[in-house]
file data20.txt (compact mmCIF, C-alpha atoms)
# COMPACT_ATOMS: atom_id res chain seq x y z
CA MET A 1 0.00 0.00 0.00
CA THR A 2 1.39 3.42 -0.95
CA THR A 3 1.67 6.34 1.45
CA VAL A 4 -1.09 8.18 -0.46
CA GLN A 5 -3.44 5.20 -0.13
CA THR A 6 -2.62 4.94 3.57
CA LEU A 7 -3.40 8.62 4.11
CA ASP A 8 -6.66 8.30 2.14
CA ASN A 9 -7.68 5.33 4.29
CA LEU A 10 -6.78 7.22 7.45
CA ASP A 11 -8.94 10.16 6.37
CA LEU A 12 -11.89 7.83 5.72
CA ILE A 13 -11.45 6.09 9.07
CA GLN A 14 -11.17 9.44 10.85
CA GLN A 15 -14.37 10.67 9.23
CA SER A 16 -16.19 7.43 10.03
CA ALA A 17 -15.20 7.60 13.72
CA ARG A 18 -16.00 11.31 13.89
CA ASP A 19 -19.45 10.88 12.32
CA PHE A 20 -20.24 7.95 14.62
CA ALA A 21 -19.21 9.89 17.73
CA GLN A 22 -21.24 12.95 16.71
CA GLN A 23 -24.36 10.94 15.88
CA TYR A 24 -24.44 8.20 18.51
CA ILE A 25 -22.32 9.42 21.45
CA LEU A 26 -22.58 13.21 21.68
CA PRO A 27 -26.35 13.36 22.39
CA HIS A 28 -25.94 11.08 25.44
CA VAL A 29 -22.61 12.19 26.93
CA MET A 30 -23.88 13.96 30.04
CA GLU A 31 -26.78 11.57 30.59
CA TRP A 32 -24.38 8.58 30.67
CA ASP A 33 -21.91 10.52 32.80
CA GLU A 34 -24.51 11.51 35.41
CA SER A 35 -25.99 8.00 35.69
CA GLN A 36 -22.65 6.17 35.27
CA HIS A 37 -24.34 4.13 32.55
CA PHE A 38 -22.15 1.80 30.48
CA PRO A 39 -23.88 1.69 27.05
CA LEU A 40 -23.52 -1.92 25.93
CA ASP A 41 -25.72 -1.42 22.87
CA LEU A 42 -23.37 1.29 21.63
CA PHE A 43 -20.46 -1.14 21.80
CA ARG A 44 -22.29 -3.64 19.63
CA GLN A 45 -22.76 -0.85 17.06
CA MET A 46 -19.06 -0.04 17.26
CA GLY A 47 -18.27 -3.72 16.78
CA GLU A 48 -20.21 -3.68 13.51
CA LEU A 49 -18.04 -0.79 12.30
CA GLY A 50 -14.81 -2.58 13.25
CA PHE A 51 -13.91 -0.26 16.15
CA LEU A 52 -13.60 -3.18 18.58
CA GLY A 53 -11.31 -5.33 16.46
CA VAL A 54 -9.04 -2.68 14.98
CA LEU A 55 -5.78 -4.66 15.31
CA VAL A 56 -7.35 -8.11 14.89
CA PRO A 57 -6.65 -9.76 11.49
CA GLU A 58 -9.63 -10.35 9.20
CA HIS A 59 -9.09 -14.10 9.59
CA TYR A 60 -10.27 -13.75 13.22
CA GLY A 61 -13.15 -11.38 12.48
CA GLY A 62 -11.33 -8.07 12.88
CA VAL A 63 -10.46 -5.38 10.37
CA GLY A 64 -6.68 -5.91 10.44
CA LEU A 65 -5.62 -2.28 10.67
CA GLY A 66 -2.51 -0.81 12.30
CA TYR A 67 -1.72 1.56 15.13
CA GLN A 68 -2.12 4.76 13.06
CA GLU A 69 -5.74 3.87 12.37
CA TYR A 70 -6.21 2.74 15.97
CA ILE A 71 -4.83 6.01 17.37
CA THR A 72 -7.15 7.94 15.05
CA ILE A 73 -10.28 6.02 16.11
CA ILE A 74 -9.62 6.43 19.84
CA GLU A 75 -8.75 10.10 19.42
CA GLU A 76 -11.97 10.92 17.51
CA ILE A 77 -14.16 9.10 20.04
CA ALA A 78 -12.35 10.63 23.04
CA LYS A 79 -12.80 14.15 21.60
CA VAL A 80 -16.51 13.59 22.22
CA CYS A 81 -16.43 11.32 25.28
CA GLY A 82 -13.36 10.16 27.20
CA SER A 83 -15.33 7.37 28.88
CA ILE A 84 -16.24 5.67 25.62
CA GLY A 85 -12.71 6.23 24.31
CA LEU A 86 -11.30 4.57 27.42
CA SER A 87 -13.51 1.50 27.04
CA VAL A 88 -12.64 1.15 23.35
CA ALA A 89 -8.94 1.38 24.26
CA ALA A 90 -9.17 -1.19 27.08
CA HIS A 91 -11.20 -3.65 25.01
CA ASN A 92 -8.82 -3.49 22.04
CA SER A 93 -5.40 -3.09 23.66
CA LEU A 94 -5.70 -5.23 26.76
CA CYS A 95 -8.05 -8.22 26.64
CA THR A 96 -8.34 -8.64 22.87
CA ASN A 97 -4.69 -7.92 22.13
CA HIS A 98 -3.47 -10.27 24.88
CA ILE A 99 -5.39 -13.15 23.29
CA LEU A 100 -4.19 -12.12 19.82
CA MET A 101 -0.54 -11.93 20.88
CA PHE A 102 -0.29 -14.92 23.21
CA GLY A 103 -3.28 -17.20 22.61
CA ASN A 104 -3.06 -20.48 20.70
CA GLU A 105 -5.07 -20.98 17.51
CA GLU A 106 -8.01 -22.57 19.30
CA GLN A 107 -8.21 -19.69 21.81
CA LYS A 108 -7.96 -17.08 19.05
CA MET A 109 -10.73 -18.72 17.02
CA ARG A 110 -12.99 -19.00 20.08
CA TYR A 111 -12.61 -15.49 21.47
CA LEU A 112 -11.38 -13.00 18.87
CA PRO A 113 -14.40 -13.06 16.50
CA ARG A 114 -16.76 -12.47 19.44
CA LEU A 115 -14.62 -9.67 20.85
CA ALA A 116 -14.00 -7.99 17.48
CA SER A 117 -17.71 -7.98 16.63
CA GLY A 118 -18.80 -6.53 19.97
CA GLU A 119 -20.84 -9.65 20.77
CA TRP A 120 -18.56 -9.97 23.81
CA ILE A 121 -16.86 -7.21 25.80
CA GLY A 122 -13.41 -7.97 27.23
CA ALA A 123 -11.79 -7.22 30.58
CA TRP A 124 -8.13 -7.48 31.67
CA GLY A 125 -6.99 -7.98 35.23
CA LEU A 126 -3.53 -7.13 36.58
CA THR A 127 -4.13 -4.55 39.34
CA GLU A 128 -5.03 -5.65 42.87
CA PRO A 129 -6.26 -3.70 45.93
CA ASN A 130 -2.81 -3.55 47.55
CA THR A 131 -0.53 -4.04 44.55
CA GLY A 132 -1.07 -1.34 41.95
CA SER A 133 2.29 -0.49 40.43
CA ASP A 134 3.95 -3.25 42.50
CA ALA A 135 2.50 -6.13 40.47
CA GLY A 136 5.24 -8.53 41.56
CA ARG A 137 3.64 -8.76 45.00
CA MET A 138 0.23 -9.84 43.71
CA GLN A 139 -1.86 -11.87 46.14
CA CYS A 140 -4.32 -13.40 43.67
CA VAL A 141 -2.98 -16.95 43.59
CA ALA A 142 -3.62 -20.02 41.42
CA GLU A 143 -2.72 -23.42 42.86
CA ARG A 144 -2.40 -26.44 40.59
CA ASP A 145 -4.85 -29.31 41.06
CA GLY A 146 -4.18 -31.90 38.36
CA ASP A 147 -5.20 -30.40 35.02
CA TYR A 148 -6.85 -27.47 36.78
CA PHE A 149 -5.75 -24.33 38.62
CA VAL A 150 -7.74 -23.10 41.62
CA ILE A 151 -7.72 -19.30 41.80
CA ASN A 152 -8.35 -17.25 44.95
CA GLY A 153 -8.08 -13.51 45.39
CA ALA A 154 -9.32 -10.28 43.79
CA LYS A 155 -8.47 -7.76 41.10
CA ASN A 156 -9.66 -4.17 41.23
CA PHE A 157 -10.07 -1.10 39.01
CA ILE A 158 -10.93 -3.47 36.15
CA THR A 159 -12.55 -1.88 33.11
CA HIS A 160 -15.67 -3.90 32.20
CA GLY A 161 -15.36 -5.94 35.40
CA LYS A 162 -19.14 -6.47 35.53
CA SER A 163 -20.21 -6.41 31.88
CA GLY A 164 -17.29 -8.24 30.30
CA GLN A 165 -18.10 -11.74 29.07
CA VAL A 166 -14.46 -12.75 29.16
CA ALA A 167 -11.44 -11.60 31.15
CA VAL A 168 -7.72 -12.13 30.74
CA VAL A 169 -6.33 -12.32 34.27
CA ILE A 170 -2.72 -12.48 35.45
CA VAL A 171 -2.36 -14.46 38.69
CA ARG A 172 0.53 -15.75 40.79
CA THR A 173 1.48 -19.37 40.16
CA GLY A 174 4.99 -19.21 41.63
CA GLU A 175 6.99 -17.41 44.27
CA LEU A 176 6.39 -13.83 45.39
CA LEU A 177 8.50 -11.27 43.48
CA ASP A 178 9.48 -13.82 40.82
CA SER A 179 8.89 -12.24 37.40
CA ARG A 180 8.37 -15.77 36.08
CA GLY A 181 5.99 -16.64 38.90
CA MET A 182 2.83 -15.27 37.23
CA THR A 183 0.57 -16.79 34.60
CA ALA A 184 -2.22 -15.44 32.36
CA PHE A 185 -5.58 -17.18 32.02
CA VAL A 186 -8.59 -16.36 29.88
CA ILE A 187 -11.73 -16.86 31.98
CA GLU A 188 -15.35 -16.67 30.87
CA LYS A 189 -18.21 -15.09 32.77
CA GLY A 190 -20.25 -17.77 34.50
CA THR A 191 -17.24 -19.88 35.49
CA PRO A 192 -18.02 -21.10 39.06
CA GLY A 193 -16.14 -19.06 41.66
CA PHE A 194 -15.63 -16.11 39.30
CA SER A 195 -17.77 -13.04 39.98
CA ALA A 196 -17.84 -9.26 39.78
CA GLY A 197 -17.59 -7.20 42.94
CA LYS A 198 -18.11 -3.54 43.69
CA LYS A 199 -18.54 -1.10 40.82
CA GLU A 200 -16.49 2.03 41.48
CA SER A 201 -18.09 5.49 41.63
CA LYS A 202 -15.53 7.69 39.91
CA LEU A 203 -14.56 11.34 39.52
CA GLY A 204 -14.43 11.06 35.73
CA MET A 205 -14.72 8.43 32.97
CA ARG A 206 -18.05 7.64 34.60
CA ALA A 207 -19.64 5.89 31.61
CA SER A 208 -16.71 3.45 31.44
CA GLU A 209 -17.45 0.65 33.88
CA THR A 210 -14.80 -0.07 36.52
CA ALA A 211 -15.29 -2.93 38.99
CA GLU A 212 -13.66 -5.66 41.07
CA LEU A 213 -13.12 -9.24 39.90
CA ILE A 214 -13.43 -11.81 42.68
CA PHE A 215 -12.10 -15.39 42.63
CA ASP A 216 -13.35 -17.83 45.26
CA ASN A 217 -11.98 -21.34 44.60
CA CYS A 218 -12.42 -20.68 40.88
CA ARG A 219 -11.33 -23.80 38.95
CA VAL A 220 -9.79 -23.08 35.56
CA HIS A 221 -8.56 -25.80 33.20
CA ARG A 222 -4.98 -25.52 31.96
CA SER A 223 -6.37 -25.18 28.41
CA GLN A 224 -7.42 -21.65 29.48
CA MET A 225 -3.80 -20.66 30.06
CA LEU A 226 -2.40 -18.07 27.63
CA GLY A 227 1.11 -19.06 26.63
CA ALA A 228 3.22 -21.07 29.07
CA GLU A 229 3.03 -21.16 32.84
CA GLY A 230 5.13 -18.40 34.40
CA GLU A 231 4.98 -16.04 31.39
CA GLY A 232 2.07 -13.88 32.55
CA PHE A 233 4.01 -10.92 33.90
CA ILE A 234 6.33 -10.77 30.88
CA GLN A 235 3.29 -10.91 28.59
CA ALA A 236 1.59 -8.15 30.57
CA MET A 237 4.55 -5.81 30.16
CA LYS A 238 4.45 -6.32 26.38
CA ILE A 239 0.71 -5.72 26.33
CA LEU A 240 1.18 -2.48 28.25
CA ASP A 241 3.54 -1.16 25.55
CA GLY A 242 0.59 -1.12 23.15
CA GLY A 243 -1.86 -0.14 25.86
CA ARG A 244 0.14 2.97 26.67
CA ILE A 245 -0.13 4.11 23.06
CA SER A 246 -3.89 3.78 23.35
CA ILE A 247 -3.93 5.89 26.55
CA ALA A 248 -1.75 8.47 24.79
CA ALA A 249 -4.34 8.54 21.98
CA LEU A 250 -7.11 8.83 24.56
CA SER A 251 -5.27 11.75 26.20
CA LEU A 252 -4.80 13.36 22.80
CA GLY A 253 -8.52 13.15 22.05
CA ILE A 254 -9.49 14.67 25.41
CA ALA A 255 -6.89 17.43 24.96
CA LYS A 256 -8.13 18.24 21.45
CA GLY A 257 -11.75 18.26 22.58
CA ALA A 258 -10.98 20.68 25.42
CA TYR A 259 -8.79 22.86 23.19
CA GLU A 260 -11.33 23.11 20.37
CA ALA A 261 -14.08 24.01 22.83
CA ALA A 262 -11.83 26.69 24.36
CA VAL A 263 -10.97 28.19 20.96
CA ARG A 264 -14.66 28.39 19.97
CA TYR A 265 -15.62 29.99 23.26
CA ALA A 266 -12.72 32.47 23.20
CA LYS A 267 -13.83 33.70 19.77
CA GLU A 268 -17.50 33.99 20.78
CA ARG A 269 -17.16 35.44 24.30
CA HIS A 270 -16.83 39.22 24.37
CA GLN A 271 -15.40 41.30 27.22
CA PHE A 272 -14.43 44.98 27.16
CA GLY A 273 -15.88 45.25 23.67
CA LYS A 274 -13.97 42.49 21.91
CA PRO A 275 -13.58 38.66 21.82
CA ILE A 276 -11.49 37.36 24.71
CA ALA A 277 -9.36 35.51 22.11
CA GLU A 278 -7.83 38.90 21.27
CA PHE A 279 -6.43 39.32 24.77
CA GLN A 280 -2.86 38.15 25.17
CA ALA A 281 -3.69 36.42 28.47
CA ILE A 282 -6.03 34.12 26.51
CA ASN A 283 -4.29 33.74 23.17
CA PHE A 284 -1.02 32.81 24.88
CA LYS A 285 -2.89 30.03 26.66
CA LEU A 286 -4.24 28.83 23.31
CA ALA A 287 -0.73 28.91 21.83
CA ASP A 288 0.64 26.73 24.64
CA MET A 289 -2.28 24.31 24.32
CA ALA A 290 -1.80 23.98 20.55
CA MET A 291 1.94 23.36 20.95
CA GLN A 292 1.44 20.64 23.57
CA ILE A 293 -1.17 18.89 21.42
CA GLU A 294 1.20 18.89 18.44
CA ALA A 295 4.06 17.47 20.53
CA ALA A 296 1.80 14.81 22.10
CA GLU A 297 0.55 13.71 18.69
CA LEU A 298 4.05 13.45 17.24
CA LEU A 299 5.19 11.24 20.13
CA THR A 300 2.05 9.09 19.95
CA ARG A 301 2.26 8.61 16.19
CA LYS A 302 5.98 7.80 16.40
CA ALA A 303 5.33 5.11 19.03
CA GLY A 304 2.57 3.73 16.82
CA ARG A 305 4.92 3.53 13.84
CA LEU A 306 7.36 1.44 15.89
CA LYS A 307 4.54 -0.97 16.79
CA ASP A 308 3.40 -1.19 13.17
CA ARG A 309 6.96 -2.08 12.12
CA GLY A 310 7.19 -4.74 14.81
CA GLU A 311 9.95 -2.87 16.61
CA LYS A 312 10.32 -2.45 20.37
CA SER A 313 8.30 0.56 21.52
CA THR A 314 8.73 0.42 25.31
CA LYS A 315 10.51 3.79 25.66
CA LEU A 316 8.43 5.69 23.10
CA SER A 317 5.15 4.22 24.35
CA ALA A 318 5.96 5.34 27.89
CA MET A 319 7.06 8.77 26.67
CA ALA A 320 3.89 9.22 24.61
CA LYS A 321 1.66 8.10 27.46
CA TYR A 322 3.45 10.26 30.03
CA TYR A 323 3.63 13.42 27.93
CA ALA A 324 0.15 13.19 26.36
CA SER A 325 -1.63 12.40 29.64
CA GLU A 326 0.04 15.23 31.56
CA ALA A 327 -0.62 17.58 28.62
CA ALA A 328 -4.30 16.60 28.63
CA VAL A 329 -4.58 17.56 32.30
CA ARG A 330 -2.88 20.93 31.70
CA ILE A 331 -4.96 21.67 28.60
CA ALA A 332 -8.27 20.72 30.25
CA ASN A 333 -7.33 22.91 33.22
CA GLU A 334 -6.61 25.88 30.96
CA ALA A 335 -9.84 25.28 29.03
CA VAL A 336 -11.83 25.58 32.27
CA GLN A 337 -9.92 28.81 33.04
CA ILE A 338 -10.77 30.27 29.61
CA PHE A 339 -14.45 29.47 30.13
CA GLY A 340 -14.32 31.10 33.56
CA GLY A 341 -17.36 30.45 35.74
CA TYR A 342 -19.13 28.66 32.89
CA GLY A 343 -16.24 26.18 32.74
CA TYR A 344 -17.17 25.03 36.22
CA THR A 345 -20.73 24.15 35.23
CA LYS A 346 -22.08 21.02 33.59
CA ASP A 347 -23.87 23.05 30.92
CA PHE A 348 -20.54 23.51 29.13
CA PRO A 349 -18.27 20.66 27.97
CA VAL A 350 -14.91 21.48 29.53
CA GLU A 351 -15.68 20.44 33.12
CA LYS A 352 -16.06 16.85 31.88
CA TYR A 353 -12.78 16.96 29.94
CA TYR A 354 -11.21 18.26 33.16
CA ARG A 355 -12.56 15.32 35.20
CA ASP A 356 -11.82 12.69 32.56
CA ALA A 357 -8.25 13.79 31.82
CA LYS A 358 -6.86 12.92 35.25
CA LEU A 359 -7.39 9.18 34.81
CA CYS A 360 -4.95 9.21 31.88
CA THR A 361 -2.08 10.01 34.25
CA ILE A 362 -2.98 7.03 36.46
CA GLY A 363 -4.32 4.11 34.39
CA GLU A 364 -1.99 1.61 32.67
CA GLY A 365 0.93 2.87 34.74
CA THR A 366 1.09 6.19 36.57
CA SER A 367 3.20 9.07 35.28
CA GLU A 368 5.78 8.14 37.91
CA ILE A 369 5.97 4.58 36.56
CA GLN A 370 6.37 5.94 33.01
CA LYS A 371 9.41 7.92 34.17
CA LEU A 372 10.81 4.76 35.72
CA VAL A 373 10.29 2.84 32.46
CA ILE A 374 11.82 5.64 30.36
CA SER A 375 14.87 6.01 32.60
CA ARG A 376 15.53 2.27 32.59
CA GLU A 377 15.37 2.17 28.80
CA VAL A 378 17.63 5.22 28.47
CA LEU A 379 20.22 3.65 30.79
CA LYS A 380 20.09 0.35 28.87
CA GLU A 381 20.72 2.22 25.61
CA ASN A 382 23.68 4.00 27.13
CA ALA A 383 25.16 1.10 29.09
CA GLY A 384 28.97 0.92 29.10
call {"tool": "encode", "arguments": {"input": "data20.txt", "output": "structure tokens"}}
result
Amino acid sequence: MTTVQTLDNLDLIQQSARDFAQQYILPHVMEWDESQHFPLDLFRQMGELGFLGVLVPEHYGGVGLGYQEYITIIEEIAKVCGSIGLSVAAHNSLCTNHILMFGNEEQKMRYLPRLASGEWIGAWGLTEPNTGSDAGRMQCVAERDGDYFVINGAKNFITHGKSGQVAVVIVRTGELLDSRGMTAFVIEKGTPGFSAGKKESKLGMRASETAELIFDNCRVHRSQMLGAEGEGFIQAMKILDGGRISIAALSLGIAKGAYEAAVRYAKERHQFGKPIAEFQAINFKLADMAMQIEAAELLTRKAGRLKDRGEKSTKLSAMAKYYASEAAVRIANEAVQIFGGYGYTKDFPVEKYYRDAKLCTIGEGTSEIQKLVISREVLKENAG
């Protein structure tokens, strides 16, 4: 495919995602936010358009696109609603991509067509109540019993923890702190001993469901293992490389949404006889916002290109996620400031961007963890 064809396709995909978000998401944004409603029917519609199987090859029911298209889809949806953008990112990058990257042929054929079509929604469980960034100390344990593993423990802050029909879960099968002591399993809803716990009431991203996963003597056959025993943590770190690109794209969408709203308002709002956009105090803010968006997009697209070429993207993914998420928070904050008192009300869009943006600096590795990842990669590159 030539570069021109690729750009044409990207334009079409961007327009498709934009039109869908304007028609089917925008009218319900605040209603879903207020009620914390997770719109399952919407996700089935998105499945029909290919938004839930972006990276999945056509052979498994997906659309077989790359990271540039994926970044574009998430960005366009997040410009309208960060919650829906977050759920699209988690479904594609975490659960679905883990099965795609590490599942055997039978597992791929069973799960990927259902996930890509939106028939099933996917969840992914790594975080636990007392082991967020410190995943090596996880307490959710699987003990072998013949051909089965018996899982006990809990995962929390899991996107689609209640509504997901299938979850990829990383549990401890070996010694504490052993990076080869964790294993990934794919577990279906309805498996005895596997249930959803408390649904979180959140500051932002309120239409994206977040809940506990609880395991009480949950028996899982070894055929549900993804890859080999002991590879779960190593797999998870590779999955997070791609996941961080999706959170960078999510941040970018939220930042652009807040920025575009601020520009429109600054041109329409008059004070002292002229639009506030003409005041240096405001137009300097807009200049800074525009610059940060451009830088965030360049980093995110560059990380996506590495993934599309099959090259290691750990450093660039972490940089993109760190920079874009922090930029989204700054930009949403400035957008509220430009709107003034109206920015603090729910009648105008920027208060929601402000609330949603913060999650981007926490989920899939905090900003502090991204700095740790980046510094480790930099030191490896410059060893000796």
call {"tool": "closest_residue", "arguments": {"input": "data20.txt", "among": "A:Cys95, A:Ile276, A:Ser195, A:Ile71", "to": "Arg305 in chain A", "atoms": "only C-alpha atoms"}}
result
A:Ile71
call {"tool": "closest_residue", "arguments": {"input": "data20.txt", "among": "A:Lys307, A:Lys155, A:Arg376, A:Arg264", "to": "Ala196 in chain A", "atoms": "all atoms listed in the file"}}
result
A:Lys155
call {"tool": "residues_around", "arguments": {"input": "data20.txt", "residues": "range 373-375 of chain A", "least_positions_apart": "3", "cutoff": "12 Å", "atoms": "only C-alpha atoms", "output": "JSON, numbers by chain"}}
result
{"A": [133, 237, 240, 241, 244, 313, 314, 315, 316, 317, 318, 319, 320, 321, 322, 323, 365, 366, 367, 368, 369, 370, 378, 379, 380, 381, 382, 383]}
call {"tool": "closest_residue", "arguments": {"input": "data20.txt", "among": "A:Ser83, A:Asn333, A:Asn9, A:Asn130", "to": "Trp32 in chain A", "atoms": "all atoms listed in the file"}}
result
A:Ser83
call {"tool": "closest_residue", "arguments": {"input": "data20.txt", "among": "A:His91, A:Lys79, A:Arg44, A:Arg180", "to": "Glu119 in chain A", "atoms": "only C-alpha atoms"}}
result
A:Arg44
call {"tool": "atom_distance", "arguments": {"input": "data20.txt", "atom1": "CA of Trp124 in chain A", "atom2": "CA of Leu94 in chain A"}}
result
5.9 Å
call {"tool": "closest_residue", "arguments": {"input": "data20.txt", "among": "A:Gly242, A:Gly118, A:Gly82, A:Pro113", "to": "Lys352 in chain A", "atoms": "only C-alpha atoms"}}
result
A:Gly82
call {"tool": "atom_distance", "arguments": {"input": "data20.txt", "atom1": "CA of Arg144 in chain A", "atom2": "CA of Leu115 in chain A"}}
result
28.6 Å
